[in-house]
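Let me begin by presenting the structure, written as structure tokens, before commenting on it.
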Amino acid sequence: MLRFLFGLKWQKSQAHLLLLSKFLHPHTIEDYEHSSIMPWKQVLGETPSKAINRFLDEGMLKRTDIAESLEWKYKVPDLKKMLKDHNLPVSGNKRVLISRLIETDPNGMKEYVSGLNVLLCSEQGHQIADDYLTIEKEKRHNLNQQVLNALQNRKFKKASLLHSSFEAEQVFPGGLNIDWRNQKVIVAITTHDISVLKIIFESNPKILNNLNNEWLEHLRLAAGMMCLLGEDVSKGFLPPNLETGLVLDGVTAARMIKFHALHQVNLAQYREWGSKSVEISTANDGLTCEACEKIAGKKFKIDEVPELPYEKCTCAMGCRCVAN
């Protein structure tokens with residue numbers, strides 16, 4: 001009875017729902033019990049194995065059948081090798097390959113996955129996990145729209161706080177070891193965000209001088225979203241017909257605007273620290289343009305540092321110079 005009562009509680013736990021959603025695709029308990037990346041025990045309030053076994057007891061999870069276990073364990077090249085060993089065709093997608101193997105050698109395939117303890121959402125668990133992910137997707141969509149609206153109205157503090165509040169509610173917040181519930185940390189983050197956003201919307205890197213104001217506004221909004229929410233969001237906030245007329249595409253141009261603002265904020269910080277000079281470095285991968293190579297490795301007085309992104313850069317990837 002106590003176990004049943006506790007079982008009711010996990011459906012209100014964001015951490016447990018997130019863990020359950022991971023089993024929309026086959027996984028083992030060990031994948032989460034021994035994870036060195038995500039502190040599952042900390043967010044669950046119990047070991048992942050205990051939570052997962054409860055999912056099993058309550059019918060939220062099931063053990064995979066032979067086909068599902070093969071799909072989890074083997075890659076397509078492995079499956080094709082098995083087919084060749086059985087003198088069978090190797091055409092078709094992964095599930096077709098698996099079906100062909102099981103049909104030809106069911107006992108052999110059963111032996112291949114013997115001893116595995118791979119789990120997958122049951123029909124009920126699948127529904128609960130799907131509902132959870134749908135709600136989370138809607139929350140993120142609403143955040144994006146609210147932040148975008150705040151940026152359009154130049155309410156930079158509001159945009160930053162919207163993002164901070166969202167991260168504070170996440171099971172695994174973004175950022176590296178950032179305590180999103182610490183007010184002092186939030187004040188520091190908001191102050192930095194406002195400084196960067198002001199430059200994004202009030203300044204224009206020379207590398208983008210030829211763009212009209214309409215396109216620049218779209219790029220600035222994308223750069224602001226990128227600054228707050230991450231690199232991968234910018235494309236979703238750019239018009240599909242945006243043509244920069246430059247070697248840079250829209251996403252790269254937005255990234256250059258963000259880069260320009262961060263460079264200015266960093267220089268201001270160096271001045272506060274009393275730095276007299278900085279050195280320009282760039283990516284050393286053979287793709288750097290000639291103009292950027294000419295300034296790489298050079299030291300400049302703090303008030304004579306070239307604007308970054310470098311105006312003369314011709315790389316389609318955008319300028320990758322930094323001042324340290």
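Lettering and numbering for the structure tokens are positional, with chains as A, B, ... in the shown order, residues counted from 1 in each chain, and ligands counted from 1 in the shown order.
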
*Skipping near chain neighbours, those fewer than 4 positions away, what residues fall within 7 Å of region 302-313 of chain A using only C-alpha atoms, listed as a ChimeraX atom specification?*
/A:206-207,256,259-260,263,276-278,289,291-292,319,321

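Once region 227-231 of chain A and its same-chain neighbours fewer than 3 positions away are set aside, Ser160, His163, Ala223, Gly224, Ser234 and Lys258 of chain A remain within 7 Å of it when counting only C-alpha atoms.
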
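Proximity ranking of A:Met225, A:Ile37, A:Ala283, A:Ala159 relative to Ile194 (chain A) places A:Ala159 first, based on only C-alpha atoms.
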
**Message:** Neighbouring residues of Glu169 (chain A) were defined as those with any atom within 10 Å, considering only C-alpha atoms; residues of the same chain fewer than 4 positions away were excluded. Please report them as a PyMOL selection string.
**Reply:** chain A and resi 14+164-165+173+180-181

For those residues, write N, CA and C atoms to a file as a compact mmCIF listing (two decimals), in the first residue's frame.
# COMPACT_ATOMS: atom_id res chain seq x y z
N GLN A 14 8.77 16.20 -11.88
CA GLN A 14 9.33 16.47 -13.20
C GLN A 14 10.52 15.57 -13.49
N SER A 164 15.93 33.19 -16.94
CA SER A 164 16.44 32.70 -15.65
C SER A 164 15.37 31.92 -14.90
N SER A 165 14.15 32.45 -14.89
CA SER A 165 13.05 31.77 -14.19
C SER A 165 12.76 30.42 -14.81
N PRO A 173 19.03 22.26 -15.41
CA PRO A 173 19.12 23.59 -16.00
C PRO A 173 20.31 23.71 -16.94
N TRP A 180 20.62 28.69 -10.69
CA TRP A 180 19.58 29.59 -11.19
C TRP A 180 18.61 30.01 -10.10
N ARG A 181 18.73 29.44 -8.90
CA ARG A 181 17.84 29.83 -7.80
C ARG A 181 18.53 30.79 -6.83

Excluding region 51-59 of chain A and any residue of its chain fewer than 6 positions from it, enumerate the residues within 10 Å of it, using only C-alpha atoms, and give them as a PDB file with C-alpha atoms, in the first residue's frame.
ATOM      1  CA  ARG A   3       4.472   1.625  -2.424  1.00  0.00           C
ATOM      2  CA  PHE A   4       1.233   2.365  -4.284  1.00  0.00           C
ATOM      3  CA  PHE A   6       4.401   6.656  -3.328  1.00  0.00           C
ATOM      4  CA  GLY A   7       3.718   5.659  -6.908  1.00  0.00           C
ATOM      5  CA  TRP A  10       6.134  10.318  -9.014  1.00  0.00           C
ATOM      6  CA  HIS A  16      10.622  11.123 -12.662  1.00  0.00           C
ATOM      7  CA  LEU A  19      13.401   9.760 -16.610  1.00  0.00           C
ATOM      8  CA  LEU A  20      10.356   7.849 -17.839  1.00  0.00           C
ATOM      9  CA  PHE A  23      12.489   5.022 -22.170  1.00  0.00           C
ATOM     10  CA  THR A  28      19.032  -0.224 -19.598  1.00  0.00           C
ATOM     11  CA  ILE A  29      18.941   0.679 -15.921  1.00  0.00           C
ATOM     12  CA  TYR A  32      21.116   6.000 -15.800  1.00  0.00           C
ATOM     13  CA  GLU A  33      22.292   4.343 -12.593  1.00  0.00           C
ATOM     14  CA  LYS A  41      19.986  10.535  -7.881  1.00  0.00           C
ATOM     15  CA  LEU A  44      15.033  12.145  -8.190  1.00  0.00           C
ATOM     16  CA  GLY A  45      15.619  11.996  -4.468  1.00  0.00           C
ATOM     17  CA  LEU A 119      13.541  -1.622 -21.025  1.00  0.00           C
ATOM     18  CA  LEU A 120      11.003   0.357 -23.032  1.00  0.00           C
ATOM     19  CA  CYS A 121       7.857   2.327 -22.231  1.00  0.00           C
ATOM     20  CA  SER A 122       4.663   0.282 -22.139  1.00  0.00           C
ATOM     21  CA  GLU A 123       1.598   1.686 -23.864  1.00  0.00           C
ATOM     22  CA  GLN A 124       0.532   3.429 -20.641  1.00  0.00           C
ATOM     23  CA  GLY A 125       4.031   4.669 -19.898  1.00  0.00           C
TER      24      GLY A 125
END

For Tyr74 (chain A), the closest of A:His34, A:Ala323, A:Lys158, A:Arg95 counting only C-alpha atoms is A:Arg95

Margin query: Based on the backbone DSSP call, show me all residues of region 91-183 of chain A assigned strand (DSSP E or B), as a PyMOL selection string.
Written below: chain A and resi 118-121

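Going from CA of Leu151 (chain A) to CA of Leu221 (chain A) covers 6.8 Å.
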
Any idea what's packed within 10 Å of Leu143 (chain A), counting only C-alpha atoms, ignoring anything in its chain fewer than 2 positions away? Could you give it as a PDB file with C-alpha atoms, in the first residue's frame?
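Final file, selection.pdb:
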ATOM      1  CA  LYS A 137       7.583  21.610 -25.520  1.00  0.00           C
ATOM      2  CA  GLU A 138       4.680  24.025 -25.097  1.00  0.00           C
ATOM      3  CA  LYS A 139       6.390  25.634 -22.088  1.00  0.00           C
ATOM      4  CA  ARG A 140       9.555  26.195 -24.126  1.00  0.00           C
ATOM      5  CA  HIS A 141       7.554  27.576 -27.042  1.00  0.00           C
ATOM      6  CA  GLN A 145       7.601  33.894 -27.627  1.00  0.00           C
ATOM      7  CA  GLN A 146       7.719  35.837 -24.363  1.00  0.00           C
ATOM      8  CA  VAL A 147      11.462  36.459 -24.652  1.00  0.00           C
ATOM      9  CA  LEU A 148      11.102  37.464 -28.306  1.00  0.00           C
ATOM     10  CA  ASN A 149       8.338  39.924 -27.407  1.00  0.00           C
ATOM     11  CA  ALA A 159      13.923  38.984 -21.307  1.00  0.00           C
ATOM     12  CA  LEU A 162      12.164  35.216 -18.140  1.00  0.00           C
ATOM     13  CA  HIS A 163      15.026  32.952 -19.182  1.00  0.00           C
ATOM     14  CA  SER A 165      13.047  31.775 -14.189  1.00  0.00           C
ATOM     15  CA  PHE A 166      12.583  29.104 -16.833  1.00  0.00           C
ATOM     16  CA  LEU A 229      18.622  30.701 -25.111  1.00  0.00           C
TER      17      LEU A 229
END

message = Need to verify the contact set: Lys73 (chain A), 12 Å, only C-alpha atoms, exclusion of same-chain residues closer than 5 positions in sequence. Can you return it as number ranges by chain?
response = A: 26-28, 64, 66-68, 78-79, 94, 98, 109, 112-118

For the selection just defined, write its residues with N, CA and C atoms to a file, as a compact mmCIF listing (two decimals), in the first residue's frame.
# COMPACT_ATOMS: atom_id res chain seq x y z
N PRO A 26 14.63 2.33 -26.27
CA PRO A 26 15.19 1.30 -25.37
C PRO A 26 16.43 1.78 -24.62
N HIS A 27 16.48 1.46 -23.33
CA HIS A 27 17.64 1.75 -22.49
C HIS A 27 17.72 0.69 -21.41
N THR A 28 18.86 0.66 -20.75
CA THR A 28 19.03 -0.22 -19.60
C THR A 28 19.06 0.62 -18.33
N THR A 64 12.09 -5.36 -23.33
CA THR A 64 12.03 -5.39 -24.79
C THR A 64 11.96 -6.82 -25.32
N ILE A 66 12.75 -9.51 -28.65
CA ILE A 66 14.00 -9.80 -29.35
C ILE A 66 14.32 -8.70 -30.36
N ALA A 67 13.32 -8.29 -31.14
CA ALA A 67 13.55 -7.27 -32.17
C ALA A 67 14.00 -5.96 -31.56
N GLU A 68 13.35 -5.54 -30.49
CA GLU A 68 13.70 -4.27 -29.84
C GLU A 68 15.08 -4.34 -29.21
N ASP A 78 26.56 -4.02 -38.18
CA ASP A 78 26.59 -5.30 -37.47
C ASP A 78 25.50 -6.23 -37.99
N LEU A 79 24.32 -5.66 -38.19
CA LEU A 79 23.19 -6.46 -38.67
C LEU A 79 23.44 -6.97 -40.09
N LYS A 94 16.75 -0.55 -40.85
CA LYS A 94 17.21 -1.34 -39.72
C LYS A 94 16.16 -2.36 -39.27
N ILE A 98 16.40 -6.50 -39.14
CA ILE A 98 16.15 -7.28 -37.93
C ILE A 98 15.06 -8.31 -38.15
N MET A 109 19.01 -15.40 -32.92
CA MET A 109 18.84 -14.00 -32.53
C MET A 109 18.53 -13.87 -31.04
N TYR A 112 21.69 -13.98 -29.28
CA TYR A 112 22.46 -12.73 -29.42
C TYR A 112 22.10 -11.72 -28.32
N VAL A 113 20.84 -11.74 -27.88
CA VAL A 113 20.41 -10.74 -26.89
C VAL A 113 20.19 -11.36 -25.52
N SER A 114 20.63 -12.59 -25.36
CA SER A 114 20.48 -13.27 -24.08
C SER A 114 21.22 -12.51 -22.99
N GLY A 115 20.57 -12.36 -21.84
CA GLY A 115 21.21 -11.69 -20.71
C GLY A 115 21.02 -10.19 -20.69
N LEU A 116 20.48 -9.63 -21.77
CA LEU A 116 20.24 -8.20 -21.77
C LEU A 116 19.01 -7.86 -20.94
N ASN A 117 19.06 -6.71 -20.31
CA ASN A 117 17.90 -6.25 -19.53
C ASN A 117 17.54 -4.86 -20.04
N VAL A 118 17.00 -4.84 -21.25
CA VAL A 118 16.67 -3.58 -21.91
C VAL A 118 15.19 -3.28 -21.69

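Distances here use only C-alpha atoms; by that measure, the residue among A:Leu17, A:Met226, A:Trp273, A:Ile280 closest to Ile135 (chain A) is A:Leu17.
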
As a check of understanding: the span from CA of Asp65 (chain A) to CA of Asp85 (chain A) is 22.8 Å

Practice problem: Please report, as a PyMOL selection string, each residue of region 206-322 of chain A to which DSSP assigns helix (DSSP H, G or I) when run on this structure's backbone. | Solution: chain A and resi 206-208+213-229+231-237+250-272+290-295

Between CA of Leu101 (chain A) and CA of Leu88 (chain A) lies a distance of 8.3 Å

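For the choices A:Ile199, A:Ala222, A:Leu211, A:Val43, the atom-to-atom distance to Val265 (chain A) is smallest for A:Ile199 when using only C-alpha atoms.
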
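Using only C-alpha atoms, the nearest neighbour of Met60 (chain A) within the list A:Leu24, A:Val76, A:Asn284, A:Asn144 is A:Leu24.
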